[in-house]
Number of protein chains: 2
Amino acid sequence: MIYNEKMYELGSKRSAIRELFEYGKQRVAIVGAENVYDFSLGNPTVPAPDCVDETIRQLTEELDCIKLHGYTSAQGDVETRAAIADFLNQTHGTHFEANDLYITMGAAASLSIAFHALTTSNEDEYIAIAPFFPEYKIFVEVTGASLKVVPADTKDFQIDFIELEKMINAHTKGVIINSPNNPSGTVYSRETIEKLAALLNKKEAEYGHPIFIIADEPYREIVYDGVEVPFVTKYYANTLVCYSYSKSLSLPGERIGYILVPQEAYESKALYAAVAGAGRSLGYVCAPSMMQKVITLCQGQTGDVELYKKNRDLLYEGLTKIGYECFKPQGAFYMFVKALEDDAERFCERAKQQDLLIVAGDGFGCPGYVRISYCVDEEMIKRSFTAFERLYQNYNKGEDL
Amino acid sequence: MIYNEKMYELGSKRSAIRELFEYGKQRVAIVGAENVYDFSLGNPTVPAPDCVDETIRQLTEELDCIKLHGYTSAQGDVETRAAIADFLNQTHGTHFEANDLYITMGAAASLSIAFHALTTSNEDEYIAIAPFFPEYKIFVEVTGASLKVVPADTKDFQIDFIELEKMINAHTKGVIINSPNNPSGTVYSRETIEKLAALLNKKEAEYGHPIFIIADEPYREIVYDGVEVPFVTKYYANTLVCYSYSKSLSLPGERIGYILVPQEAYESKALYAAVAGAGRSLGYVCAPSMMQKVITLCQGQTGDVELYKKNRDLLYEGLTKIGYECFKPQGAFYMFVKALEDDAERFCERAKQQDLLIVAGDGFGCPGYVRISYCVDEEMIKRSFTAFERLYQNYNKGEDL
């Protein structure tokens, strides 16, 4: 092929989730919006907090447009970085400084930059914990490294440490964690993080080089019932935190987030430089300038998480009442549900016949489960229960479609 | 080194231009702003046209914030792509469609994505024409390919076709052009583009594979005296246009631009898919959503180019009157001036002693010249002439510093 084949494949293969979403739009045209139950996408439905649009209007009125829309330094405005450091320090009792932060175009950019900064050889390996966001594999492989996956611990979707330990070897560069988790909705407990830190410390000593935790945290603020999301750098020095404001401020299209390089990380100054170099080499000149100013002024704000909680409770109660086996989400806005047959993809096909659009766990490295996104209209959840009920009855009647 | 060494170097080596800019700030503190003449940076100084901030305010007032700040499709909103295609077709008599456009985070992202899409082997080569934007080398090399440079044709800064032809071989994947040019201010004539097309057509036939023109065009609208900027796809099918709104709309910090993949390009659908895949693999989820809507509504608008022209004329007349040999810019906002000694870096050091901050052409692949950015305050240009005069007299007096 005359073009890069890997890039061609990535660009021509539509994701299964996107396919399902497009299918839903077609069904809406045929059977009406009220009869299609689209639980496929992870697009925030809680509005951005008012401060976002208010700050934008204020900035366009009060700030010189050259300052507002001009280049910032590559690592981001120092005011923005200082505001984030202050907020983190107040919230977590940490001691970060502006220079520990590198502002990015969201979590995908943060991850991509992090892997480019860390990878030094095609033999390098990263480890993800199933269920996991499938783009990790893409971001890792484009650097030449490879991704291994620890199978899900379906008991509570924490980490199967026995399997993880088996996978770590001299080539292990980092372990990617995502808590609150897409798609399971789990939050890693303090115990889990402590065990992970202890294991990695042991392995670092054994192999004589740092092994990083890459903490992908776009859902940090989307948690329920006061569950604690441990701040990983407090438990493990060699941590890169990849954050995004997409979910907390409901602005996923604006592409703004950061990488936190804690000073306690191994040769942190060199690591920060490698992060900056990776951003530069990938064409990330600076993160969007006005959005940098918006997040500076909206630190600590979030959309109304109670709305997601309401949906979670509604969906969890409705589905368990029917008889589905659901993992009760502690965070994010996805519910992970056991499929009614071993083949979750086949189960999703049968759900589709009830116009229930849900995503098989296979793509997330966790067969036998389905992901139900509940960042949707509450009324749609209510309407969907009869369809979920029919689907359940189909299986109990042993009907084959 | 435990981190990626190349990334580390890219991130820790501050660019010479940035160094100079920082030095300028220190000098301002010592001798006062009125006595420092900083011509180092290419930051637009003409305000964004009113439509930019007006559209932003209107969007935040009228559009639902989920729609305004939500994910767009990876290739960009179809309305945005259609608006760009319409504008190009009206302006250039072309026949582009929305699906020929892929919206990016500015020209650097466009270039980075383009090289990732095109490169298939470490033996691949790209060719730049000096003087050229030095980041090209970085964006090319991160894909594993290499960059060759055709020396400048200092007569008129068009293309030295004899040297270019010598450099093309079976590994040549593409030729990068940048017109209007940073740093020379030249605009490639229709004759130049026709000669380039003829040469590449011949070489494509000779080697039996496409050779692309990668047209980096952030300065397309910044031209003077009615000079024509030929639209390259009309002359050569295998062209990728990498555009940015940074300069035309004076919003370089917002990171918004596009890649145009014309249907007449070789297997254009596959190429478009490779572009989309490259964007995906580098972590570019979508271009900033609100800015996509802003450019949709501001097609055809630009900042006031007359202000740059006024600066160009002022600087050109002032410097030629003193005795400097200047290339009169036809576009962009840089003037390329012959250094008063062979070693342009040494010349810049001597300029620095007059608090004149100008950039040696060496970094742009063109020794013996200096770049003077005239996107600056008009008054600073006026004040600078006595310093330029002193610098000139120093050389004529044969003073050695």
# chains A, B, ... in the order shown; residues from 1 in each chain; ligands from 1
call {"tool": "residues_around", "arguments": {"residues": "range 261-267 of chain A", "least_positions_apart": "4", "cutoff": "10 Å", "atoms": "only C-alpha atoms", "output": "ChimeraX atom specification"}}
result
/A:94-97,99-102,114,209-212,233-234,236-242,271-272,275 /B:2-3
call {"tool": "write_last_selection", "arguments": {"atoms": "C-alpha atoms", "output": "PDB file, in the first residue's frame"}}
result
ATOM      1  CA  THR A  94       0.039  17.669  47.928  1.00  0.00           C
ATOM      2  CA  HIS A  95       2.851  20.109  47.116  1.00  0.00           C
ATOM      3  CA  PHE A  96       2.797  20.496  43.364  1.00  0.00           C
ATOM      4  CA  GLU A  97       4.122  23.532  41.530  1.00  0.00           C
ATOM      5  CA  ASN A  99       6.299  23.552  36.663  1.00  0.00           C
ATOM      6  CA  ASP A 100       5.076  20.032  37.446  1.00  0.00           C
ATOM      7  CA  LEU A 101       2.164  20.478  35.043  1.00  0.00           C
ATOM      8  CA  TYR A 102       2.061  20.311  31.271  1.00  0.00           C
ATOM      9  CA  ALA A 114       3.177  10.167  27.917  1.00  0.00           C
ATOM     10  CA  HIS A 209      14.511   0.642  36.658  1.00  0.00           C
ATOM     11  CA  PRO A 210      11.381   2.679  37.241  1.00  0.00           C
ATOM     12  CA  ILE A 211       7.987   1.253  36.296  1.00  0.00           C
ATOM     13  CA  PHE A 212       5.420   3.974  35.867  1.00  0.00           C
ATOM     14  CA  THR A 233       1.106  10.230  43.460  1.00  0.00           C
ATOM     15  CA  LYS A 234       0.643  10.075  47.245  1.00  0.00           C
ATOM     16  CA  TYR A 236       3.601   5.876  44.334  1.00  0.00           C
ATOM     17  CA  ALA A 237       6.316   8.262  43.171  1.00  0.00           C
ATOM     18  CA  ASN A 238       6.678   7.146  39.551  1.00  0.00           C
ATOM     19  CA  THR A 239       3.213   8.234  38.511  1.00  0.00           C
ATOM     20  CA  LEU A 240       2.082  10.299  35.550  1.00  0.00           C
ATOM     21  CA  VAL A 241      -1.435  11.650  36.022  1.00  0.00           C
ATOM     22  CA  CYS A 242      -3.262  12.173  32.708  1.00  0.00           C
ATOM     23  CA  LEU A 271      10.810  13.276  32.332  1.00  0.00           C
ATOM     24  CA  TYR A 272       9.086  16.654  32.093  1.00  0.00           C
ATOM     25  CA  VAL A 275       6.932  15.077  27.864  1.00  0.00           C
TER      26      VAL A 275
ATOM     27  CA  ILE B   2      15.406   5.926  31.034  1.00  0.00           C
ATOM     28  CA  TYR B   3      13.226   8.296  28.987  1.00  0.00           C
TER      29      TYR B   3
END
call {"tool": "closest_atom_pairs", "arguments": {"of": "chain B", "to": "chain A", "cutoff": "7 Å", "atoms": "only C-alpha atoms", "output": "Markdown table"}}
result
| residue | atom | partner | partner_atom | distance |
| --- | --- | --- | --- | --- |
| B:Tyr3 | CA | A:Leu118 | CA | 5.0 |
| B:Asn4 | CA | A:Thr120 | CA | 4.9 |
| B:Met7 | CA | A:Gly277 | CA | 4.3 |
| B:Tyr8 | CA | A:Ala274 | CA | 3.8 |
| B:Glu9 | CA | A:Gly277 | CA | 6.9 |
| B:Leu10 | CA | A:Gly277 | CA | 4.4 |
| B:Gly11 | CA | A:Gly277 | CA | 3.6 |
| B:Ser12 | CA | A:Ala273 | CA | 5.2 |
| B:Thr45 | CA | A:Ile66 | CA | 6.8 |
| B:Pro47 | CA | A:Ile66 | CA | 6.0 |
| B:Ala48 | CA | A:Cys65 | CA | 6.6 |
| B:Asp53 | CA | A:Thr60 | CA | 5.7 |
| B:Arg57 | CA | A:Arg57 | CA | 5.5 |
| B:Thr60 | CA | A:Asp53 | CA | 5.7 |
| B:Cys65 | CA | A:Pro47 | CA | 6.3 |
| B:Ile66 | CA | A:Pro47 | CA | 6.0 |
| B:His69 | CA | A:Leu251 | CA | 4.6 |
| B:Gly70 | CA | A:Gly253 | CA | 4.5 |
| B:Tyr71 | CA | A:Gly253 | CA | 3.9 |
| B:Thr72 | CA | A:Gly253 | CA | 6.2 |
| B:Ala108 | CA | A:Gly283 | CA | 4.7 |
| B:Ala109 | CA | A:Gly283 | CA | 4.5 |
| B:Ser112 | CA | A:Gly283 | CA | 5.6 |
| B:Ala117 | CA | A:Asn4 | CA | 5.4 |
| B:Leu118 | CA | A:Tyr3 | CA | 5.0 |
| B:Thr119 | CA | A:Asn4 | CA | 5.8 |
| B:Thr120 | CA | A:Asn4 | CA | 4.9 |
| B:Ile138 | CA | A:Ser281 | CA | 5.8 |
| B:Phe139 | CA | A:Ser281 | CA | 5.6 |
| B:Val142 | CA | A:Ser281 | CA | 6.6 |
| B:Leu251 | CA | A:His69 | CA | 4.6 |
| B:Pro252 | CA | A:Gly70 | CA | 5.3 |
| B:Gly253 | CA | A:Tyr71 | CA | 3.9 |
| B:Glu254 | CA | A:Pro288 | CA | 4.4 |
| B:Arg255 | CA | A:Pro288 | CA | 6.0 |
| B:Ala270 | CA | A:Tyr8 | CA | 6.5 |
| B:Leu271 | CA | A:Tyr3 | CA | 6.5 |
| B:Ala273 | CA | A:Gly11 | CA | 4.5 |
| B:Ala274 | CA | A:Tyr8 | CA | 3.8 |
| B:Ala276 | CA | A:Gly11 | CA | 4.7 |
| B:Gly277 | CA | A:Gly11 | CA | 3.6 |
| B:Ala278 | CA | A:Met7 | CA | 5.2 |
| B:Ser281 | CA | A:Phe139 | CA | 5.6 |
| B:Leu282 | CA | A:Ser112 | CA | 6.0 |
| B:Gly283 | CA | A:Ala109 | CA | 4.5 |
| B:Tyr284 | CA | A:Ala109 | CA | 6.4 |
| B:Val285 | CA | A:Ala108 | CA | 7.0 |
| B:Cys286 | CA | A:Gly253 | CA | 6.7 |
| B:Pro288 | CA | A:Glu254 | CA | 4.3 |
| B:Ser289 | CA | A:Gly253 | CA | 4.8 |
| B:Met290 | CA | A:Glu254 | CA | 6.9 |
call {"tool": "select_by_dssp", "arguments": {"residues": "range 146-296 of chain B", "states": "alpha helix (DSSP H)", "output": "PyMOL selection string"}}
result
chain B and resi 161-167+190-207+268-281+289-296
call {"tool": "closest_residue", "arguments": {"among": "A:Glu378, A:Gly331, A:Cys348, A:Lys166", "to": "Leu307 in chain A", "atoms": "only C-alpha atoms"}}
result
A:Glu378
call {"tool": "atom_distance", "arguments": {"atom1": "CA of Gly144 in chain A", "atom2": "CA of Ser268 in chain A"}}
result
23.1 Å
